[in-house]
Structure formats: C-alpha cells, structure tokens
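Asker: After the structure tokens below, expect a handful of questions from me.
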Amino acid sequence: MSTTGKVIRCRAAIVWKPGGSFSIEEVEVAPPKAKEVRVKMVATALCGTEMKMLKTKNLQHQYYPIIMGHEGAGIVESVGEGVSTVKAGDKVIALFLPQCGECTSCLNSAGNFCIKFKQRETHLMSDGTSRFTCKGKPVYHFANTSTFSEYTVMNEISVTKIDAAAPLEKVFLVSCGFSTGYGGAINTAKVTPGSTCAVFGLGGVGLSVIMGCKAAGAARIIAVDINKDKFEKAKEVGATECINPQDYEKPIQEVLFDLTGDGVDFSFEVIGNPETVAAALASCHESHGVCVIIGLVTGVQLNISGHLFFSGRTLKGSVYGGWKGRDGASKLVSDYMAKKINLDALITHTLNFDKINEAVELMKTGKWQCPLCPVTLSMMLTN
Ligand code: NAD
Ligand code: ZN
C-alpha cells in the first residue's frame, strides 16, 4: 500500500533533554511539503559532532526533543510539490551542507558554504514547523537531515541522487566523514605531490584526511594522536609515521620540526580543540605552510600568536571538505563505483538501529579504529 501523502509511523532515536541519551521511540513522520522529500534511511552513523552534542549539557541551543544524525543514505519514499531532481525510489545521500545552486556561495566557484545551511539553526523545516511528532509533541530536526529516524524529511537541496547500483551501507560515508577529510586535503589544503603533511586526530575524519594526502601524492604523512590504538589503521590508509604527543616532553610542534627540519608543508587539525589548532599551525613551514582546521572549534576563542603569520603561514577553515554538497557527494559516489576510492577501512562496526546507545559507548571508549563511523545503524524497517 502506498504511503505517499500519509503520515508514516516508524522508529527514531530521540534525545529528550540536554546531556540525555538516545531513546528509541515511535514517531510520526508527516508527508513532505513543497520542495521537500521523505526518505527511508538505510544506513547512518555517529560522527564526532553528535558525540559533542550529547556531551554538552549547555548546548548552543535548547531544541529538545530532537532527532539528531547527519550522516546517512536512503531511498526516496515520496516527494513534495515542485521537487524535480529526485523521485520516489531514487537512492540519495543526505547532506548536512545543502547546495541551493542560487546563493552567493553556490554561484561562486571558490567556496562551498551554501547560505541555506543556516536554516539548520532553527531546527525546523523552512516553513518554521517540524515534520516529526512523538507522544503528541513536535520534535526538532537536526542539520536539515535527522538521519536517526527510519524515515526523515529533508529539503530537496539537502539530498543528492546517486547511482542506483551504489551500496548505501558503504557510500553513506560520503555524507560527512569521508568527504570532509578527503576533500580537506585535496580541495582546501590542495596538498602537493612530494609534500610532507601532519594530521592531528585519527578519527574517521582524520583517517580520511590521510587518504586525501596520499591520493594527492604526499611523500610523508605524519599521523598524530594521543590514542596509539589508532596508529595501525592510520598506517593502513597511508600514514608513513605515527606519533603520540604524550611520548614527548617537548611540545608536539617542536617534535614535528625535529622530524622534518623546517616544519610540515600542510597540517590538519581534525580534533576540534583550540590548543591543537595552535600546535598544528605552529608545526607548519614558516614560509609556505598551510594549516587547515577541520575539527569543530565552536564557542571558544583561539589563542594564537600573531607572530606565527609574519613569515607567511596560512590558516584555513574547511567545511564538508570544500565540496559543494550535491555535486561533491555524487562525484564521490561515482568515484567509489569506479573503484577510485575505498571506504571499507572506515567502517569498523555494524549495529542495528536499536543499539544506538551501544554505539555511543563504543565511540566513548575509543578502542576501535574509527570513532567517526564505528557503527552503521542499519535501520530495521517497520513499514
Ligand atoms: P573523533 O572524536 O572520532 O576523533 C578525534 C581524534 O582525536 C581521536 O582519535 C582522539 O584520540 C584524538 N585526540 C583527542 N585529543 C587529542 C590531542 N590533544 N592530541 C592528539 N589527538 C587527540 O572525531 P571525528 O568524528 O573524526 O571528527 C573530528 C572532528 O571533525 C570533530 O571535531 C568533528 O566535529 C569535526 N567535523 C567537522 C566537519 C566539517 O565539515 N568541518 C565535518 C565532520 C566532523
Ligand atoms: Zn546555496
């Protein structure tokens, strides 16, 4: 029986209050309105960003109850009025960074930060309402995606159609972690052949940065993490050396200067910590070094000596690896299908959706290789 135009009841992982855990609940998902699509999620994962949200009791917002999740892929169930780029049955990637195609960012070839991203700040759809209810209460959206629900409603500009043959339980990683890290190296830093790179933080995003540095032809890729259990996987994906700052008395930037002579050509902060941003910048070559901040460093001021810039170093931000949302995701899925990229190394655990709190515990303990995507929350569908 067709569900088009009807409310769908399904399961979602709701966080009811700041600092709370996920609670699997039955929710009602309203049909998509104009320029919206309703998607049956097939695979999703936890990202460091959700972990930060769960940990933070005093969030930048008070939008609860909420359905989080911004990394996922699924199949379009139905579309609202005026949707022209996807149709029911299409496989799609969810995009926390939309691509409206019309704003000053989308029309500029240099950047990728679609101005419509800011709609996420309301945690509602563009008409100011939610498509989710639970126990009679409206539930807030997250990142324009809310992938921790068996069905979700997203804007047309927040999904991109992909090859019908693409395995969703693999390619969903281009929704956030892989693209962010890989593109951070290739698009934002523009890593050059023969260069030396340092990657601070070896979660799923940091591992993807290493893959990007390797693909760009870097000669040395120095992986930095305080958890040595991450080193094996880092080497598997391309790191040439791995170092733990806790093994040294000196600041890590001095260690990197000792190792490289004059500092690294490119450094990446993939943790989200103001101190490691300063260390990554100071690790760069004084003249041409480029440091890219990928980690989420929000709500804090950076304490960086202006002197570091005197000799020519560059500090850059990067969101979604510099890819324009829809174009980037579909290109990367095509690259996956053409075997130009391999995502297998990034998936370490596959759990059922109702085990989402176990996924959080796995992330917290950090004992697995890839904390960004330790878990594919394959959804158990009820409809
Ligand atoms: P993660 O928490 O899984 O990985 C962080 C790694 O950093 C861990 O391996 C941890 O051991 C290591 N670490 C922590 N403190 C350290 C220190 N002082 N020195 C060295 N290593 C240290 O995170 P993730 O999922 O890989 O995400 C990384 C960051 O990227 C997060 O801040 C996340 O919010 C951010 N992010 C940004 C974007 C974007 O578009 N810019 C997209 C996705 C994620
Ligand atoms: Zn735009």
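Every chain in the structure tokens has a letter given in the order shown (A, B, ...), and although residue numbers restart at 1 in each chain, ligands are simply numbered from 1 in the order shown.
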Could you list, as a PDB file with N, CA, C and O atoms, in the first residue's frame, every residue within 12 Å of A:Ser195, counting only C-alpha atoms and ignoring same-chain residues fewer than 6 positions away?

Answerer:
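Result went into selection.pdb, see below:
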```
ATOM      1  N   ALA A 185      41.963  17.688   2.437  1.00  0.00           N
ATOM      2  CA  ALA A 185      43.331  17.569   1.910  1.00  0.00           C
ATOM      3  C   ALA A 185      43.400  18.014   0.443  1.00  0.00           C
ATOM      4  O   ALA A 185      44.259  18.805   0.059  1.00  0.00           O
ATOM      5  N   ALA A 189      43.321  22.246   1.376  1.00  0.00           N
ATOM      6  CA  ALA A 189      44.773  22.435   1.506  1.00  0.00           C
ATOM      7  C   ALA A 189      45.437  22.423   0.127  1.00  0.00           C
ATOM      8  O   ALA A 189      46.447  23.050  -0.089  1.00  0.00           O
ATOM      9  N   CYS A 213      45.594  13.024   1.497  1.00  0.00           N
ATOM     10  CA  CYS A 213      47.012  13.403   1.348  1.00  0.00           C
ATOM     11  C   CYS A 213      47.722  12.376   0.463  1.00  0.00           C
ATOM     12  O   CYS A 213      48.518  12.727  -0.418  1.00  0.00           O
ATOM     13  N   LYS A 214      47.408  11.104   0.715  1.00  0.00           N
ATOM     14  CA  LYS A 214      48.049  10.037  -0.063  1.00  0.00           C
ATOM     15  C   LYS A 214      47.639  10.142  -1.542  1.00  0.00           C
ATOM     16  O   LYS A 214      48.495  10.086  -2.439  1.00  0.00           O
ATOM     17  N   ALA A 215      46.345  10.338  -1.771  1.00  0.00           N
ATOM     18  CA  ALA A 215      45.865  10.436  -3.157  1.00  0.00           C
ATOM     19  C   ALA A 215      46.508  11.626  -3.877  1.00  0.00           C
ATOM     20  O   ALA A 215      46.736  11.579  -5.086  1.00  0.00           O
ATOM     21  N   ALA A 216      46.811  12.691  -3.104  1.00  0.00           N
ATOM     22  CA  ALA A 216      47.419  13.889  -3.713  1.00  0.00           C
ATOM     23  C   ALA A 216      48.923  13.720  -3.916  1.00  0.00           C
ATOM     24  O   ALA A 216      49.577  14.611  -4.451  1.00  0.00           O
ATOM     25  N   GLY A 217      49.463  12.605  -3.456  1.00  0.00           N
ATOM     26  CA  GLY A 217      50.876  12.322  -3.716  1.00  0.00           C
ATOM     27  C   GLY A 217      51.838  12.779  -2.639  1.00  0.00           C
ATOM     28  O   GLY A 217      53.053  12.895  -2.897  1.00  0.00           O
ATOM     29  N   ALA A 218      51.339  13.053  -1.433  1.00  0.00           N
ATOM     30  CA  ALA A 218      52.240  13.462  -0.346  1.00  0.00           C
ATOM     31  C   ALA A 218      53.291  12.375  -0.125  1.00  0.00           C
ATOM     32  O   ALA A 218      52.992  11.181  -0.205  1.00  0.00           O
ATOM     33  N   ALA A 219      54.522  12.807   0.169  1.00  0.00           N
ATOM     34  CA  ALA A 219      55.594  11.833   0.365  1.00  0.00           C
ATOM     35  C   ALA A 219      55.634  11.342   1.816  1.00  0.00           C
ATOM     36  O   ALA A 219      55.906  10.177   2.093  1.00  0.00           O
ATOM     37  N   ARG A 220      55.377  12.273   2.743  1.00  0.00           N
ATOM     38  CA  ARG A 220      55.379  11.913   4.169  1.00  0.00           C
ATOM     39  C   ARG A 220      54.057  12.342   4.771  1.00  0.00           C
ATOM     40  O   ARG A 220      53.628  13.489   4.596  1.00  0.00           O
ATOM     41  N   ILE A 221      53.432  11.433   5.503  1.00  0.00           N
ATOM     42  CA  ILE A 221      52.179  11.774   6.182  1.00  0.00           C
ATOM     43  C   ILE A 221      52.354  11.354   7.645  1.00  0.00           C
ATOM     44  O   ILE A 221      52.405  10.159   7.961  1.00  0.00           O
ATOM     45  N   ILE A 222      52.491  12.359   8.505  1.00  0.00           N
ATOM     46  CA  ILE A 222      52.752  12.085   9.918  1.00  0.00           C
ATOM     47  C   ILE A 222      51.431  12.177  10.675  1.00  0.00           C
ATOM     48  O   ILE A 222      50.776  13.223  10.679  1.00  0.00           O
ATOM     49  N   THR A 260      61.138  17.014  10.736  1.00  0.00           N
ATOM     50  CA  THR A 260      61.048  17.444   9.333  1.00  0.00           C
ATOM     51  C   THR A 260      62.084  18.494   8.933  1.00  0.00           C
ATOM     52  O   THR A 260      62.189  18.824   7.758  1.00  0.00           O
ATOM     53  N   GLY A 263      59.600  22.108   9.395  1.00  0.00           N
ATOM     54  CA  GLY A 263      58.142  22.082   9.565  1.00  0.00           C
ATOM     55  C   GLY A 263      57.457  21.407   8.385  1.00  0.00           C
ATOM     56  O   GLY A 263      58.066  21.164   7.344  1.00  0.00           O
ATOM     57  N   VAL A 264      56.181  21.116   8.565  1.00  0.00           N
ATOM     58  CA  VAL A 264      55.441  20.394   7.512  1.00  0.00           C
ATOM     59  C   VAL A 264      54.854  21.380   6.495  1.00  0.00           C
ATOM     60  O   VAL A 264      54.626  22.541   6.813  1.00  0.00           O
ATOM     61  N   ASP A 265      54.627  20.891   5.299  1.00  0.00           N
ATOM     62  CA  ASP A 265      54.030  21.756   4.274  1.00  0.00           C
ATOM     63  C   ASP A 265      52.542  21.982   4.547  1.00  0.00           C
ATOM     64  O   ASP A 265      52.013  23.056   4.303  1.00  0.00           O
ATOM     65  N   PHE A 266      51.881  20.921   5.023  1.00  0.00           N
ATOM     66  CA  PHE A 266      50.432  21.012   5.292  1.00  0.00           C
ATOM     67  C   PHE A 266      50.132  20.354   6.628  1.00  0.00           C
ATOM     68  O   PHE A 266      50.620  19.248   6.895  1.00  0.00           O
ATOM     69  N   SER A 267      49.333  21.021   7.451  1.00  0.00           N
ATOM     70  CA  SER A 267      48.896  20.362   8.682  1.00  0.00           C
ATOM     71  C   SER A 267      47.375  20.481   8.785  1.00  0.00           C
ATOM     72  O   SER A 267      46.764  21.394   8.206  1.00  0.00           O
ATOM     73  N   CYS A 284      53.624  24.049  10.982  1.00  0.00           N
ATOM     74  CA  CYS A 284      53.757  24.298   9.542  1.00  0.00           C
ATOM     75  C   CYS A 284      55.066  24.985   9.208  1.00  0.00           C
ATOM     76  O   CYS A 284      55.586  25.771  10.001  1.00  0.00           O
ATOM     77  N   HIS A 285      55.492  24.781   8.004  1.00  0.00           N
ATOM     78  CA  HIS A 285      56.641  25.514   7.474  1.00  0.00           C
ATOM     79  C   HIS A 285      56.372  27.004   7.622  1.00  0.00           C
ATOM     80  O   HIS A 285      55.285  27.490   7.296  1.00  0.00           O
ATOM     81  N   HIS A 288      55.688  28.752   3.708  1.00  0.00           N
ATOM     82  CA  HIS A 288      54.551  28.396   2.837  1.00  0.00           C
ATOM     83  C   HIS A 288      53.568  27.431   3.500  1.00  0.00           C
ATOM     84  O   HIS A 288      52.630  26.968   2.859  1.00  0.00           O
ATOM     85  N   GLY A 289      53.793  27.122   4.798  1.00  0.00           N
ATOM     86  CA  GLY A 289      52.943  26.125   5.464  1.00  0.00           C
ATOM     87  C   GLY A 289      51.473  26.520   5.481  1.00  0.00           C
ATOM     88  O   GLY A 289      51.125  27.680   5.686  1.00  0.00           O
ATOM     89  N   VAL A 290      50.612  25.517   5.262  1.00  0.00           N
ATOM     90  CA  VAL A 290      49.161  25.740   5.277  1.00  0.00           C
ATOM     91  C   VAL A 290      48.554  24.834   6.340  1.00  0.00           C
ATOM     92  O   VAL A 290      48.788  23.624   6.333  1.00  0.00           O
TER      93      VAL A 290
END
```

Asker: Could you produce a table of the residues of chain A lying within 6 Å of ligand 2, with the nearest pair of atoms per residue and their separation in Å rounded to one decimal, using only C-alpha atoms and all ligand atoms, ordered by chain and increasing residue number, as a Markdown table?

Answerer:
```
| residue | atom | partner | partner_atom_place_in_ligand_line | distance |
| --- | --- | --- | --- | --- |
| A:Gln99 | CA | ligand 2 | 1 (Zn) | 4.7 |
| A:Cys100 | CA | ligand 2 | 1 (Zn) | 3.9 |
| A:Gly101 | CA | ligand 2 | 1 (Zn) | 5.0 |
| A:Glu102 | CA | ligand 2 | 1 (Zn) | 5.4 |
| A:Cys103 | CA | ligand 2 | 1 (Zn) | 4.2 |
| A:Ser105 | CA | ligand 2 | 1 (Zn) | 5.6 |
| A:Cys106 | CA | ligand 2 | 1 (Zn) | 4.3 |
| A:Cys114 | CA | ligand 2 | 1 (Zn) | 3.5 |
| A:Ile115 | CA | ligand 2 | 1 (Zn) | 5.0 |
| A:Lys116 | CA | ligand 2 | 1 (Zn) | 5.6 |
```

Asker: Within 6 Å of ligand 1, counting only C-alpha atoms and all ligand atoms, which protein or nucleic acid residues do you find, written as a ChimeraX atom specification?

Answerer: /A:47-49,176-177,180,200-206,224-227,270-272,294-296,318-320,371-372

Asker: Find the residues of stretch 126-183 of chain A that sit at most 9 Å from stretch 70-93 of chain A; for each, write down the nearest two atoms and how far apart they are in Å, to one decimal. Count only C-alpha atoms. Sort by chain, then by number going up, and give it as a Markdown table.

Answerer:
```
| residue | atom | partner | partner_atom | distance |
| --- | --- | --- | --- | --- |
| A:Phe142 | CA | A:His70 | CA | 7.3 |
| A:Ala143 | CA | A:His70 | CA | 6.2 |
| A:Asn144 | CA | A:His70 | CA | 7.9 |
| A:Thr145 | CA | A:His70 | CA | 5.4 |
| A:Ser146 | CA | A:His70 | CA | 6.0 |
| A:Thr147 | CA | A:His70 | CA | 5.6 |
| A:Phe148 | CA | A:His70 | CA | 8.0 |
| A:Tyr151 | CA | A:Glu77 | CA | 8.5 |
| A:Glu156 | CA | A:Val83 | CA | 6.6 |
| A:Ser158 | CA | A:Ile93 | CA | 8.4 |
| A:Val159 | CA | A:Ile93 | CA | 5.5 |
| A:Thr160 | CA | A:Val92 | CA | 5.2 |
| A:Lys161 | CA | A:Val92 | CA | 4.5 |
| A:Ile162 | CA | A:Val92 | CA | 5.6 |
| A:Asp163 | CA | A:Lys91 | CA | 7.1 |
| A:Ala164 | CA | A:Lys91 | CA | 6.0 |
| A:Ala165 | CA | A:Lys91 | CA | 8.8 |
| A:Ala166 | CA | A:Lys91 | CA | 8.1 |
| A:Leu168 | CA | A:Ala73 | CA | 5.9 |
| A:Glu169 | CA | A:Ala73 | CA | 7.7 |
| A:Val171 | CA | A:Ala73 | CA | 7.6 |
| A:Phe172 | CA | A:Ala73 | CA | 4.9 |
| A:Leu173 | CA | A:Glu71 | CA | 6.9 |
| A:Val174 | CA | A:Ile93 | CA | 7.7 |
| A:Ser175 | CA | A:Glu71 | CA | 5.1 |
| A:Cys176 | CA | A:Glu71 | CA | 5.5 |
| A:Gly177 | CA | A:Glu71 | CA | 7.8 |
```

Asker: Would you compute the distance between atom CA of A:Val199 and atom CA of A:Glu269? Give it in Å to one decimal.

Answerer: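 Calculated distance between atom CA of A:Val199 and atom CA of A:Glu269 is 6.5 Å.
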
Asker: Hey, what does DSSP flag as alpha helix (DSSP H) within stretch 49-208 of chain A? Can you give it to me as a ChimeraX atom specification?

Answerer: /A:49-55,168-171,177-183,204-208

Asker: When you look at A:Met53 with a cut-off of 12 Å (counting only C-alpha atoms), what residues show up, excluding the ones that are within fewer than 4 positions of it in the same chain? I need them as a list in words.

Answerer: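 Close residues of A:Met53: Val15, Lys17, Pro18, Gly19, Gly20, Ser21, Phe22, Leu46, Cys47, Gly48, Thr49, Lys57, Asn58, Leu59, Gln60, His61, Gln62, Tyr63, Tyr64, Ile66, Ile67, Met68, Gly69, Phe142, Leu296, Thr298 and Val360 of chain A.
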
Asker: Out of stretch 14-184 of chain A, which residues get strand (DSSP E) from DSSP, as a ChimeraX atom specification?

Answerer: /A:14,23-29,36-44,72-79,91-94,132-134,137-139,151-155,159-161

Asker: When you count only C-alpha atoms, which of these residues is closest to A:Met337: A:Gly322, A:Pro167, A:Gly181, A:Pro32?

Answerer: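 Among the listed residues, the smallest separation from A:Met337 belongs to A:Pro167.
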
Asker: In Å, with one decimal, what is the gap from atom CA of A:Leu207 to atom CA of A:Lys233?

Answerer: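 Distance between the two atoms: 7.9 Å.
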
Asker: Enter the distance from atom CA of A:Lys228 to atom CA of A:Ala198, in Å, rounded to one decimal.

Answerer: 15.7 Å

Asker: Rank A:Cys134, A:Met51, A:Phe310, A:His141 by their smallest atom-to-atom distance to A:Val153, using only C-alpha atoms, and report the top residue only.

Answerer: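 Under the stated criterion, the closest residue is A:His141.
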
Asker: Rank A:Glu358, A:Glu150, A:Glu254, A:Asp127 by their smallest atom-to-atom distance to A:Glu28, using only C-alpha atoms, and report the top residue only.

Answerer: A:Glu150

Asker: Check the smallest atom-to-atom distance from each of A:Arg38, A:Lys364, A:Lys324, A:His349 to A:Pro98 using only C-alpha atoms, then report the winner.

Answerer: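 Going through A:Arg38, A:Lys364, A:Lys324, A:His349 one by one, the smallest distance to A:Pro98 is for A:Lys324.
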
Asker: Ranking A:Val277, A:Cys197, A:Val292, A:Ala234 by minimum distance to A:Leu256 and counting only C-alpha atoms, which one comes first?

Answerer: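 Among A:Val277, A:Cys197, A:Val292, A:Ala234, it is A:Cys197 that comes nearest to A:Leu256.
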
Asker: A:Ile304: which residues within 10 Å, counting only C-alpha atoms, same-chain residues fewer than 3 positions away excluded, as a PDB file with all heavy atoms, in the first residue's frame?

Answerer:
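File written: result_24.pdb
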```pdb
ATOM      1  N   PRO A 274      41.114  23.978  20.608  1.00  0.00           N
ATOM      2  CA  PRO A 274      41.867  25.197  20.283  1.00  0.00           C
ATOM      3  C   PRO A 274      43.380  25.045  20.472  1.00  0.00           C
ATOM      4  O   PRO A 274      44.152  25.642  19.719  1.00  0.00           O
ATOM      5  CB  PRO A 274      41.292  26.250  21.234  1.00  0.00           C
ATOM      6  CG  PRO A 274      40.434  25.532  22.206  1.00  0.00           C
ATOM      7  CD  PRO A 274      40.097  24.195  21.644  1.00  0.00           C
ATOM      8  N   GLU A 275      43.779  24.235  21.454  1.00  0.00           N
ATOM      9  CA  GLU A 275      45.233  24.075  21.663  1.00  0.00           C
ATOM     10  C   GLU A 275      45.887  23.316  20.504  1.00  0.00           C
ATOM     11  O   GLU A 275      47.002  23.649  20.085  1.00  0.00           O
ATOM     12  CB  GLU A 275      45.526  23.298  22.951  1.00  0.00           C
ATOM     13  CG  GLU A 275      45.540  24.173  24.183  1.00  0.00           C
ATOM     14  CD  GLU A 275      44.245  24.074  24.962  1.00  0.00           C
ATOM     15  OE1 GLU A 275      43.843  22.932  25.242  1.00  0.00           O
ATOM     16  OE2 GLU A 275      43.634  25.117  25.243  1.00  0.00           O
ATOM     17  N   VAL A 277      44.806  23.298  17.491  1.00  0.00           N
ATOM     18  CA  VAL A 277      44.813  24.188  16.323  1.00  0.00           C
ATOM     19  C   VAL A 277      46.097  25.005  16.355  1.00  0.00           C
ATOM     20  O   VAL A 277      46.821  25.110  15.348  1.00  0.00           O
ATOM     21  CB  VAL A 277      43.585  25.145  16.312  1.00  0.00           C
ATOM     22  CG1 VAL A 277      43.752  26.217  15.242  1.00  0.00           C
ATOM     23  CG2 VAL A 277      42.298  24.367  16.097  1.00  0.00           C
ATOM     24  N   ALA A 278      46.421  25.555  17.535  1.00  0.00           N
ATOM     25  CA  ALA A 278      47.639  26.373  17.658  1.00  0.00           C
ATOM     26  C   ALA A 278      48.875  25.521  17.369  1.00  0.00           C
ATOM     27  O   ALA A 278      49.801  25.963  16.672  1.00  0.00           O
ATOM     28  CB  ALA A 278      47.704  26.974  19.063  1.00  0.00           C
ATOM     29  N   ALA A 279      48.881  24.283  17.868  1.00  0.00           N
ATOM     30  CA  ALA A 279      50.039  23.402  17.647  1.00  0.00           C
ATOM     31  C   ALA A 279      50.170  23.030  16.170  1.00  0.00           C
ATOM     32  O   ALA A 279      51.280  22.999  15.616  1.00  0.00           O
ATOM     33  CB  ALA A 279      49.909  22.140  18.499  1.00  0.00           C
ATOM     34  N   LEU A 281      49.150  24.760  13.589  1.00  0.00           N
ATOM     35  CA  LEU A 281      49.623  25.920  12.839  1.00  0.00           C
ATOM     36  C   LEU A 281      51.126  26.114  13.049  1.00  0.00           C
ATOM     37  O   LEU A 281      51.880  26.340  12.096  1.00  0.00           O
ATOM     38  CB  LEU A 281      48.856  27.180  13.275  1.00  0.00           C
ATOM     39  CG  LEU A 281      49.300  28.481  12.608  1.00  0.00           C
ATOM     40  CD1 LEU A 281      48.996  28.467  11.107  1.00  0.00           C
ATOM     41  CD2 LEU A 281      48.640  29.688  13.251  1.00  0.00           C
ATOM     42  N   ALA A 282      51.556  25.981  14.297  1.00  0.00           N
ATOM     43  CA  ALA A 282      52.975  26.185  14.608  1.00  0.00           C
ATOM     44  C   ALA A 282      53.860  25.080  14.027  1.00  0.00           C
ATOM     45  O   ALA A 282      55.071  25.249  13.927  1.00  0.00           O
ATOM     46  CB  ALA A 282      53.155  26.262  16.128  1.00  0.00           C
ATOM     47  N   GLN A 301      37.508  30.936  21.899  1.00  0.00           N
ATOM     48  CA  GLN A 301      38.399  31.856  21.186  1.00  0.00           C
ATOM     49  C   GLN A 301      39.726  31.136  20.968  1.00  0.00           C
ATOM     50  O   GLN A 301      40.191  30.410  21.848  1.00  0.00           O
ATOM     51  CB  GLN A 301      38.658  33.100  22.040  1.00  0.00           C
ATOM     52  CG  GLN A 301      37.426  33.931  22.325  1.00  0.00           C
ATOM     53  CD  GLN A 301      36.917  34.652  21.094  1.00  0.00           C
ATOM     54  OE1 GLN A 301      37.684  35.254  20.358  1.00  0.00           O
ATOM     55  NE2 GLN A 301      35.624  34.561  20.865  1.00  0.00           N
ATOM     56  N   HIS A 307      52.539  36.325  15.618  1.00  0.00           N
ATOM     57  CA  HIS A 307      53.871  36.181  15.043  1.00  0.00           C
ATOM     58  C   HIS A 307      53.950  34.981  14.091  1.00  0.00           C
ATOM     59  O   HIS A 307      54.730  34.992  13.131  1.00  0.00           O
ATOM     60  CB  HIS A 307      54.902  36.036  16.161  1.00  0.00           C
ATOM     61  CG  HIS A 307      56.300  35.995  15.655  1.00  0.00           C
ATOM     62  ND1 HIS A 307      56.910  37.108  15.098  1.00  0.00           N
ATOM     63  CD2 HIS A 307      57.195  34.979  15.562  1.00  0.00           C
ATOM     64  CE1 HIS A 307      58.125  36.767  14.702  1.00  0.00           C
ATOM     65  NE2 HIS A 307      58.318  35.493  14.970  1.00  0.00           N
ATOM     66  N   LEU A 308      53.124  33.970  14.360  1.00  0.00           N
ATOM     67  CA  LEU A 308      53.162  32.770  13.505  1.00  0.00           C
ATOM     68  C   LEU A 308      52.846  33.108  12.051  1.00  0.00           C
ATOM     69  O   LEU A 308      53.219  32.381  11.139  1.00  0.00           O
ATOM     70  CB  LEU A 308      52.167  31.719  14.016  1.00  0.00           C
ATOM     71  CG  LEU A 308      52.551  30.983  15.305  1.00  0.00           C
ATOM     72  CD1 LEU A 308      51.414  30.076  15.758  1.00  0.00           C
ATOM     73  CD2 LEU A 308      53.825  30.160  15.098  1.00  0.00           C
ATOM     74  N   PHE A 309      52.141  34.224  11.843  1.00  0.00           N
ATOM     75  CA  PHE A 309      51.740  34.571  10.474  1.00  0.00           C
ATOM     76  C   PHE A 309      52.749  35.473   9.757  1.00  0.00           C
ATOM     77  O   PHE A 309      52.688  35.634   8.543  1.00  0.00           O
ATOM     78  CB  PHE A 309      50.367  35.269  10.489  1.00  0.00           C
ATOM     79  CG  PHE A 309      49.267  34.399  11.009  1.00  0.00           C
ATOM     80  CD1 PHE A 309      48.796  34.531  12.304  1.00  0.00           C
ATOM     81  CD2 PHE A 309      48.709  33.409  10.210  1.00  0.00           C
ATOM     82  CE1 PHE A 309      47.789  33.712  12.785  1.00  0.00           C
ATOM     83  CE2 PHE A 309      47.693  32.593  10.681  1.00  0.00           C
ATOM     84  CZ  PHE A 309      47.241  32.736  11.979  1.00  0.00           C
TER      85      PHE A 309
END
```
